[in-house]
Each structure stands twice: as structure tokens, then as C-alpha cells.
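For reference, query.pdb is printed below; it contains PDB, C-alpha atoms, pLDDT in the B column.
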```pdb
ATOM      1  CA  MET A   1     106.499  57.924 121.935  1.00 48.00           C
ATOM      2  CA  GLU A   2     109.989  59.289 122.468  1.00 50.00           C
ATOM      3  CA  PRO A   3     110.635  60.305 126.104  1.00 47.00           C
ATOM      4  CA  VAL A   4     111.696  63.758 124.987  1.00 61.00           C
ATOM      5  CA  ASP A   5     108.168  64.332 123.676  1.00 80.00           C
ATOM      6  CA  ASN A   6     106.416  63.559 126.963  1.00 90.00           C
ATOM      7  CA  VAL A   7     105.927  66.682 129.053  1.00 89.00           C
ATOM      8  CA  LEU A   8     105.581  64.516 132.159  1.00 93.00           C
ATOM      9  CA  TYR A   9     109.331  63.841 132.133  1.00 90.00           C
ATOM     10  CA  LEU A  10     110.378  67.492 132.328  1.00 86.00           C
ATOM     11  CA  ALA A  11     110.385  67.801 136.118  1.00 86.00           C
ATOM     12  CA  ASP A  12     113.122  66.823 138.534  1.00 86.00           C
ATOM     13  CA  SER A  13     112.441  63.495 140.233  1.00 88.00           C
ATOM     14  CA  TYR A  14     111.613  65.015 143.586  1.00 88.00           C
ATOM     15  CA  LYS A  15     108.848  67.159 142.074  1.00 91.00           C
ATOM     16  CA  VAL A  16     106.947  63.999 141.158  1.00 93.00           C
ATOM     17  CA  THR A  17     106.136  63.540 144.864  1.00 92.00           C
ATOM     18  CA  HIS A  18     105.395  67.186 145.705  1.00 93.00           C
ATOM     19  CA  TYR A  19     101.643  66.942 145.167  1.00 94.00           C
ATOM     20  CA  ASN A  20     101.440  64.746 148.296  1.00 92.00           C
ATOM     21  CA  GLN A  21     103.289  67.318 150.371  1.00 93.00           C
ATOM     22  CA  TYR A  22     100.872  70.220 149.962  1.00 94.00           C
ATOM     23  CA  PRO A  23      98.321  70.691 152.759  1.00 93.00           C
ATOM     24  CA  PRO A  24      94.918  69.304 151.660  1.00 87.00           C
ATOM     25  CA  LEU A  25      93.128  72.666 151.538  1.00 94.00           C
ATOM     26  CA  ILE A  26      95.679  74.433 149.307  1.00 96.00           C
ATOM     27  CA  THR A  27      93.891  75.649 146.186  1.00 97.00           C
ATOM     28  CA  SER A  28      96.294  78.261 144.853  1.00 97.00           C
ATOM     29  CA  VAL A  29     100.059  78.366 144.476  1.00 97.00           C
ATOM     30  CA  TYR A  30     101.737  81.517 143.179  1.00 97.00           C
ATOM     31  CA  SER A  31     105.449  81.133 142.533  1.00 94.00           C
ATOM     32  CA  TYR A  32     108.030  83.635 141.406  1.00 93.00           C
ATOM     33  CA  PHE A  33     111.360  82.879 139.790  1.00 90.00           C
ATOM     34  CA  GLU A  34     114.444  84.993 140.213  1.00 87.00           C
ATOM     35  CA  CYS A  35     118.199  84.806 139.957  1.00 80.00           C
ATOM     36  CA  ARG A  36     119.381  84.973 143.563  1.00 78.00           C
ATOM     37  CA  GLY A  37     122.946  85.841 142.652  1.00 73.00           C
ATOM     38  CA  GLY A  38     126.081  84.226 141.379  1.00 73.00           C
ATOM     39  CA  LYS A  39     128.944  85.094 139.087  1.00 76.00           C
ATOM     40  CA  PHE A  40     127.185  87.911 137.262  1.00 74.00           C
ATOM     41  CA  GLU A  41     125.378  91.010 138.497  1.00 80.00           C
ATOM     42  CA  GLN A  42     122.860  90.982 135.672  1.00 83.00           C
ATOM     43  CA  VAL A  43     120.496  88.430 134.222  1.00 83.00           C
ATOM     44  CA  CYS A  44     119.650  88.247 130.536  1.00 81.00           C
ATOM     45  CA  PHE A  45     116.116  86.917 130.434  1.00 85.00           C
ATOM     46  CA  PHE A  46     115.657  85.043 127.195  1.00 84.00           C
ATOM     47  CA  GLY A  47     114.105  81.799 126.028  1.00 83.00           C
ATOM     48  CA  LEU A  48     110.932  81.418 128.084  1.00 88.00           C
ATOM     49  CA  GLN A  49     108.660  82.030 125.084  1.00 89.00           C
ATOM     50  CA  TYR A  50     110.230  79.111 123.263  1.00 85.00           C
ATOM     51  CA  ILE A  51     109.740  76.807 126.270  1.00 87.00           C
ATOM     52  CA  LEU A  52     106.134  77.921 126.684  1.00 90.00           C
ATOM     53  CA  LYS A  53     105.306  77.343 123.031  1.00 89.00           C
ATOM     54  CA  ARG A  54     107.213  74.055 122.850  1.00 87.00           C
ATOM     55  CA  TRP A  55     105.935  72.461 126.059  1.00 87.00           C
ATOM     56  CA  MET A  56     103.071  74.387 127.613  1.00 90.00           C
ATOM     57  CA  VAL A  57     100.666  75.714 124.963  1.00 92.00           C
ATOM     58  CA  GLY A  58      97.722  73.739 123.628  1.00 94.00           C
ATOM     59  CA  GLN A  59      97.041  70.108 124.427  1.00 95.00           C
ATOM     60  CA  VAL A  60     100.319  68.949 125.954  1.00 95.00           C
ATOM     61  CA  VAL A  61      99.255  65.833 127.870  1.00 97.00           C
ATOM     62  CA  ASN A  62      96.987  62.880 127.097  1.00 97.00           C
ATOM     63  CA  HIS A  63      96.071  59.562 128.703  1.00 98.00           C
ATOM     64  CA  ALA A  64      98.729  57.621 126.767  1.00 97.00           C
ATOM     65  CA  MET A  65     101.441  59.929 128.123  1.00 96.00           C
ATOM     66  CA  ILE A  66     100.104  59.435 131.638  1.00 98.00           C
ATOM     67  CA  ASP A  67     100.100  55.641 131.264  1.00 97.00           C
ATOM     68  CA  GLU A  68     103.697  55.730 130.067  1.00 95.00           C
ATOM     69  CA  ALA A  69     104.855  58.117 132.792  1.00 95.00           C
ATOM     70  CA  LYS A  70     103.128  56.105 135.524  1.00 96.00           C
ATOM     71  CA  GLU A  71     105.133  52.994 134.594  1.00 96.00           C
ATOM     72  CA  PHE A  72     108.353  54.954 134.202  1.00 93.00           C
ATOM     73  CA  TYR A  73     108.097  56.612 137.612  1.00 94.00           C
ATOM     74  CA  LYS A  74     107.093  53.356 139.285  1.00 95.00           C
ATOM     75  CA  GLN A  75     110.343  51.798 138.069  1.00 94.00           C
ATOM     76  CA  HIS A  76     112.294  54.966 138.813  1.00 91.00           C
ATOM     77  CA  PHE A  77     111.138  55.003 142.435  1.00 91.00           C
ATOM     78  CA  GLY A  78     111.825  51.307 143.037  1.00 92.00           C
ATOM     79  CA  GLY A  79     108.249  50.073 142.746  1.00 93.00           C
ATOM     80  CA  LEU A  80     106.632  52.913 144.713  1.00 93.00           C
ATOM     81  CA  ASP A  81     103.520  54.344 143.109  1.00 93.00           C
ATOM     82  CA  VAL A  82     104.133  58.048 143.773  1.00 94.00           C
ATOM     83  CA  PHE A  83     103.212  59.589 140.410  1.00 96.00           C
ATOM     84  CA  ASN A  84     100.190  61.915 140.487  1.00 97.00           C
ATOM     85  CA  GLU A  85      98.141  59.911 138.006  1.00 98.00           C
ATOM     86  CA  SER A  86      94.774  61.259 139.165  1.00 97.00           C
ATOM     87  CA  GLY A  87      95.991  64.864 138.989  1.00 98.00           C
ATOM     88  CA  TRP A  88      97.212  64.528 135.426  1.00 98.00           C
ATOM     89  CA  ARG A  89      94.084  62.623 134.373  1.00 99.00           C
ATOM     90  CA  TYR A  90      92.032  65.470 135.854  1.00 99.00           C
ATOM     91  CA  ILE A  91      93.894  67.882 133.552  1.00 98.00           C
ATOM     92  CA  VAL A  92      93.193  65.697 130.516  1.00 98.00           C
ATOM     93  CA  ASP A  93      89.531  65.148 131.410  1.00 99.00           C
ATOM     94  CA  ASN A  94      88.694  68.691 132.544  1.00 99.00           C
ATOM     95  CA  HIS A  95      91.063  70.842 130.479  1.00 98.00           C
ATOM     96  CA  ASN A  96      91.499  68.685 127.369  1.00 98.00           C
ATOM     97  CA  GLY A  97      95.173  68.203 128.246  1.00 97.00           C
ATOM     98  CA  MET A  98      95.876  71.932 128.403  1.00 97.00           C
ATOM     99  CA  LEU A  99      97.670  73.326 131.437  1.00 96.00           C
ATOM    100  CA  PRO A 100      95.567  75.573 133.703  1.00 98.00           C
ATOM    101  CA  LEU A 101      98.415  77.969 134.460  1.00 96.00           C
ATOM    102  CA  ARG A 102      98.903  81.738 134.243  1.00 97.00           C
ATOM    103  CA  ILE A 103     102.456  82.869 133.521  1.00 95.00           C
ATOM    104  CA  LYS A 104     103.659  86.478 133.581  1.00 96.00           C
ATOM    105  CA  ALA A 105     107.195  87.520 132.687  1.00 95.00           C
ATOM    106  CA  VAL A 106     109.480  90.457 132.041  1.00 94.00           C
ATOM    107  CA  PRO A 107     109.995  91.087 128.308  1.00 94.00           C
ATOM    108  CA  GLU A 108     112.238  88.598 126.517  1.00 89.00           C
ATOM    109  CA  GLY A 109     115.754  89.941 126.127  1.00 85.00           C
ATOM    110  CA  SER A 110     115.585  92.145 129.214  1.00 88.00           C
ATOM    111  CA  VAL A 111     118.872  92.558 131.040  1.00 88.00           C
ATOM    112  CA  ILE A 112     118.058  93.200 134.681  1.00 88.00           C
ATOM    113  CA  PRO A 113     119.917  93.080 138.008  1.00 90.00           C
ATOM    114  CA  TYR A 114     119.738  89.803 139.877  1.00 85.00           C
ATOM    115  CA  LYS A 115     117.316  89.469 142.809  1.00 89.00           C
ATOM    116  CA  ASN A 116     114.433  90.668 140.630  1.00 91.00           C
ATOM    117  CA  VAL A 117     111.461  88.586 139.567  1.00 93.00           C
ATOM    118  CA  LEU A 118     111.895  87.147 136.069  1.00 91.00           C
ATOM    119  CA  PHE A 119     108.523  85.445 135.804  1.00 93.00           C
ATOM    120  CA  THR A 120     105.618  84.222 137.904  1.00 95.00           C
ATOM    121  CA  VAL A 121     103.462  81.119 137.607  1.00 95.00           C
ATOM    122  CA  GLU A 122     100.095  80.399 139.211  1.00 97.00           C
ATOM    123  CA  ASN A 123      97.446  77.738 138.793  1.00 97.00           C
ATOM    124  CA  THR A 124      94.040  78.825 137.512  1.00 98.00           C
ATOM    125  CA  ASP A 125      92.178  75.697 138.621  1.00 98.00           C
ATOM    126  CA  PRO A 126      91.982  75.171 142.407  1.00 98.00           C
ATOM    127  CA  CYS A 127      92.223  71.391 141.962  1.00 97.00           C
ATOM    128  CA  VAL A 128      95.755  71.528 140.528  1.00 97.00           C
ATOM    129  CA  ALA A 129      97.727  73.783 142.850  1.00 97.00           C
ATOM    130  CA  TRP A 130     100.567  71.233 142.664  1.00 96.00           C
ATOM    131  CA  LEU A 131     101.012  71.973 138.934  1.00 96.00           C
ATOM    132  CA  THR A 132     102.442  75.454 139.474  1.00 94.00           C
ATOM    133  CA  ASN A 133     105.962  74.287 140.289  1.00 92.00           C
ATOM    134  CA  TRP A 134     106.099  71.192 138.054  1.00 91.00           C
ATOM    135  CA  PHE A 135     107.772  73.072 135.167  1.00 85.00           C
ATOM    136  CA  GLU A 136     110.331  75.009 137.218  1.00 83.00           C
ATOM    137  CA  VAL A 137     113.426  73.241 135.907  1.00 78.00           C
ATOM    138  CA  CYS A 138     112.215  73.269 132.317  1.00 77.00           C
ATOM    139  CA  CYS A 139     111.630  77.026 132.423  1.00 77.00           C
ATOM    140  CA  LEU A 140     114.861  77.910 134.179  1.00 73.00           C
ATOM    141  CA  ASN A 141     117.241  75.837 132.044  1.00 68.00           C
ATOM    142  CA  VAL A 142     117.077  78.089 129.024  1.00 64.00           C
ATOM    143  CA  VAL A 143     117.365  81.243 131.157  1.00 69.00           C
ATOM    144  CA  LYS A 144     120.568  79.872 132.670  1.00 68.00           C
ATOM    145  CA  LEU A 145     121.983  79.282 129.207  1.00 64.00           C
ATOM    146  CA  ALA A 146     121.175  82.836 128.124  1.00 68.00           C
ATOM    147  CA  VAL A 147     122.958  84.262 131.167  1.00 67.00           C
ATOM    148  CA  LEU A 148     126.024  82.093 130.590  1.00 68.00           C
ATOM    149  CA  ALA A 149     126.151  82.808 126.855  1.00 66.00           C
ATOM    150  CA  ARG A 150     125.896  86.567 127.281  1.00 65.00           C
ATOM    151  CA  LYS A 151     129.056  87.021 129.368  1.00 66.00           C
ATOM    152  CA  PRO A 152     131.694  85.890 126.841  1.00 61.00           C
ATOM    153  CA  ILE A 153     129.868  87.736 124.082  1.00 61.00           C
ATOM    154  CA  THR A 154     129.830  91.021 125.996  1.00 65.00           C
ATOM    155  CA  SER A 155     133.533  90.537 126.778  1.00 61.00           C
ATOM    156  CA  ILE A 156     134.279  90.086 123.071  1.00 61.00           C
ATOM    157  CA  LEU A 157     132.231  93.188 122.259  1.00 62.00           C
ATOM    158  CA  LEU A 158     134.202  95.234 124.786  1.00 61.00           C
ATOM    159  CA  VAL A 159     137.497  94.129 123.261  1.00 61.00           C
ATOM    160  CA  PHE A 160     136.291  95.132 119.802  1.00 61.00           C
ATOM    161  CA  ILE A 161     135.198  98.508 121.139  1.00 62.00           C
ATOM    162  CA  TRP A 162     138.443  99.078 123.078  1.00 62.00           C
ATOM    163  CA  THR A 163     140.523  98.194 120.032  1.00 66.00           C
ATOM    164  CA  SER A 164     138.456 100.488 117.793  1.00 60.00           C
ATOM    165  CA  PHE A 165     137.080  97.751 115.575  1.00 57.00           C
ATOM    166  CA  PRO A 166     133.368  97.690 116.474  1.00 54.00           C
ATOM    167  CA  GLU A 167     132.405  97.804 112.786  1.00 57.00           C
ATOM    168  CA  ILE A 168     133.807  94.282 112.365  1.00 55.00           C
ATOM    169  CA  LEU A 169     130.911  92.879 114.376  1.00 53.00           C
ATOM    170  CA  PHE A 170     128.368  94.350 112.050  1.00 52.00           C
ATOM    171  CA  VAL A 171     130.205  93.127 108.962  1.00 43.00           C
ATOM    172  CA  ASN A 172     130.773  89.569 110.165  1.00 48.00           C
ATOM    173  CA  SER A 173     128.793  88.132 113.052  1.00 49.00           C
ATOM    174  CA  GLU A 174     130.850  84.929 112.779  1.00 50.00           C
ATOM    175  CA  ASN A 175     133.423  86.686 114.973  1.00 51.00           C
ATOM    176  CA  LEU A 176     131.201  85.634 117.859  1.00 50.00           C
ATOM    177  CA  PRO A 177     131.972  82.070 118.925  1.00 50.00           C
ATOM    178  CA  ASP A 178     128.889  80.090 119.816  1.00 49.00           C
ATOM    179  CA  TYR A 179     129.541  79.035 123.421  1.00 47.00           C
ATOM    180  CA  LEU A 180     125.919  78.067 123.844  1.00 45.00           C
ATOM    181  CA  GLN A 181     126.006  75.239 121.289  1.00 47.00           C
ATOM    182  CA  ARG A 182     127.701  72.828 123.678  1.00 48.00           C
ATOM    183  CA  GLY A 183     125.198  73.056 126.512  1.00 50.00           C
ATOM    184  CA  CYS A 184     121.817  73.734 124.973  1.00 50.00           C
ATOM    185  CA  ARG A 185     119.233  70.966 124.603  1.00 51.00           C
ATOM    186  CA  GLU A 186     116.870  72.975 122.461  1.00 51.00           C
ATOM    187  CA  ASN A 187     118.480  73.027 118.998  1.00 47.00           C
ATOM    188  CA  VAL A 188     115.948  75.445 117.557  1.00 46.00           C
ATOM    189  CA  ILE A 189     117.227  78.386 119.583  1.00 48.00           C
ATOM    190  CA  LYS A 190     120.968  77.721 119.697  1.00 47.00           C
ATOM    191  CA  PHE A 191     122.040  79.535 116.569  1.00 45.00           C
ATOM    192  CA  PHE A 192     119.822  82.588 116.940  1.00 49.00           C
ATOM    193  CA  LEU A 193     120.241  83.031 120.677  1.00 52.00           C
ATOM    194  CA  VAL A 194     123.950  83.797 120.668  1.00 49.00           C
ATOM    195  CA  ARG A 195     123.765  86.232 117.780  1.00 47.00           C
ATOM    196  CA  TRP A 196     120.719  87.987 119.206  1.00 51.00           C
ATOM    197  CA  LEU A 197     122.251  88.324 122.662  1.00 52.00           C
ATOM    198  CA  ALA A 198     125.328  89.974 121.206  1.00 49.00           C
ATOM    199  CA  TYR A 199     123.367  93.109 120.485  1.00 49.00           C
ATOM    200  CA  ARG A 200     121.536  93.365 123.830  1.00 50.00           C
TER     201      ARG A 200
END
```

Reformat the file's structure so that it appears as C-alpha cells.
Amino acid sequence: MEPVDNVLYLADSYKVTHYNQYPPLITSVYSYFECRGGKFEQVCFFGLQYILKRWMVGQVVNHAMIDEAKEFYKQHFGGLDVFNESGWRYIVDNHNGMLPLRIKAVPEGSVIPYKNVLFTVENTDPCVAWLTNWFEVCCLNVVKLAVLARKPITSILLVFIWTSFPEILFVNSENLPDYLQRGCRENVIKFFLVRWLAYR
């Protein structure tokens, strides 16, 4: 199996150990994700649906993936056995490898001020409260790319409008350089994302 196909490699290294850090009686974790601020005053929320369908819908984990990840993380952490093998096996055995999570989000393509909730995640099985934050980095990567890609495109649109040539955009969308191509891991959305964002 290629590493890119194993959902157990999508978290940052430190998240692998988080399950041990929750108090024993924690049964529910409800997390919200927001843009706390930065270069831009607005956030273009786009791409979560692709991530959900690519990595989080249906049977996404099995025992072979767990075996592989256990060995990988043991080497990664210098021989320490810190991977949550029993937690992931519980998901395979009790949920057929499907993730017991509930995710709610603002509509895709929304442009909203920063410091607002973009999406929330909560576990639906009390035995896997640790799972709620496992996919944080995976979910936020594509949102970051959408925010970064939107700024140069909106600047180009403003120049076209100020110079009285807005009709050019509708005749030839190739006037929009694809800044997202260089930094996006998910090839499926690269081409469409930039062109779609131009009209938001």
C-alpha cells in the first residue's frame, strides 16, 4: 500500500500521542476550526467536501493499514510504541472501518470574516473521543490553499475592473494564473479551484 493511501498517516506526529493525554473519563470532544487572523481579513472556505469524500467517508481504515502504521510510528518515534493501535482496531471492529464523527461546516465557497467558525467536528462514539482532532491538519490544509489562492485572483479582477476590461475574464479564463498549482497536494481540485474562486 502506498503511504499516501493510508489515512493513518494524515495527522501531525504529535497527534499520534494525543489519545494518551486525554483524561480517562472523557467521552466527547467537540472541536471548532477557525481562522484566527493573518494577512487577510476574510477567509474563503473551500475544499472540505473533497477532503471528506477522499479520506473520511465509507470504510477508510482496516487492520492491514493499522499493522503498517504501527510499525511506521514505532520507527518514527525511535522504538517507542505510542501509536493508538487498540483505538483504531476498535474503529475497524465496531464501525467497519468507518469514522464515528459528525462534521458541520459553513457552505463551501463562503467568504467570511476571520475569527468565525468554519467547521466543527465531534465524535459520535464515546470510546473514540481522541479521534475528533486526528484529522485537523488534513482538513485545514486545503482551506489554507483556498485563502492564499483567492487573494491574487481578486487583485487581478480588481485591475480588470479598474481598467474597464472585465469582459476579458468571461471570454478567456486563462487570464487567471494558477498560483495554487505549486502548493496543492490534491491534484483533483487544483485546476477547478482557482477558476471557481475567481467568481466568488

Once the PyMOL selection byres ((chain A and resi 24) around 12) has been applied to the shown file, what residues remain in the selection, as a list in words?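 Here the PyMOL selection byres ((chain A and resi 24) around 12) matches Tyr19, Asn20, Gln21, Tyr22, Pro23, Leu25, Ile26, Thr27, Ser28, Pro126, Cys127, Val128, Ala129 and Trp130 of chain A.
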
Find the distance between atom CA of Asn62 of chain A and atom CA of Trp88 of chain A and write it in Å to one decimal. 8.5 Å

Find the spatial neighbours of Glu122 of chain A, counting all atoms listed in the file, within a cut-off of 8 Å - ignore same-chain residues fewer than 4 positions away - and output them as an mmCIF file with C-alpha atoms, in the coordinates of the input.
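Produced file selection_25.cif, reproduced below:
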```
data_model
loop_
_atom_site.group_PDB
_atom_site.id
_atom_site.type_symbol
_atom_site.label_atom_id
_atom_site.label_comp_id
_atom_site.auth_asym_id
_atom_site.auth_seq_id
_atom_site.Cartn_x
_atom_site.Cartn_y
_atom_site.Cartn_z
ATOM 1 C CA SER A 28 96.294 78.261 144.853
ATOM 2 C CA VAL A 29 100.059 78.366 144.476
ATOM 3 C CA TYR A 30 101.737 81.517 143.179
ATOM 4 C CA SER A 31 105.449 81.133 142.533
ATOM 5 C CA LEU A 101 98.415 77.969 134.460
ATOM 6 C CA ARG A 102 98.903 81.738 134.243
ATOM 7 C CA ILE A 103 102.456 82.869 133.521
ATOM 8 C CA ALA A 129 97.727 73.783 142.850
ATOM 9 C CA THR A 132 102.442 75.454 139.474
#
```

Please provide the set of residues having any atom within 12 Å of Tyr14 of chain A, restricted to all atoms listed in the file, with same-chain residues fewer than 5 positions apart removed, written as a ChimeraX atom specification. /A:9,19-21,73,76-77,82-83,133-134,136-137

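Coordinates place atom CA of Leu8 of chain A at a distance of 29.6 Å from atom CA of Lys115 of chain A.
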
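When atom CA of Leu52 of chain A is paired with atom CA of Phe72 of chain A, their separation reads 24.3 Å.
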
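For the residues A:Tyr114, A:Thr120, A:Val92, A:Asn84, ranking by smallest atom-to-atom distance to Val16 of chain A using only C-alpha atoms places A:Asn84 first.
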
With only C-alpha atoms as the atoms that count, which of A:Asn94, A:Ser110, A:Thr17, A:Gln75 lies nearest to Phe45 of chain A?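 Looking at the shortest contact to Phe45 of chain A, the residue is A:Ser110.
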
Once the PyMOL selection byres ((chain A and resi 57) around 12) has been applied to the shown file, what residues remain in the selection, as a PyMOL selection string? chain A and resi 7+49-56+58-61+96-103

How big is the axis-aligned box around the listed atoms of segment 89-101 of chain A once 3 Å is added on each side, and where is its centre? Give both in Å to one decimal, as AutoDock Vina command-line options.
```
--center_x 93.6 --center_y 70.3 --center_z 131.6 --size_x 15.7 --size_y 21.3 --size_z 14.5
```

Residue nearest Leu48 of chain A among A:His18, A:Leu118, A:Leu131, A:Gly87 (counting only C-alpha atoms): A:Leu118
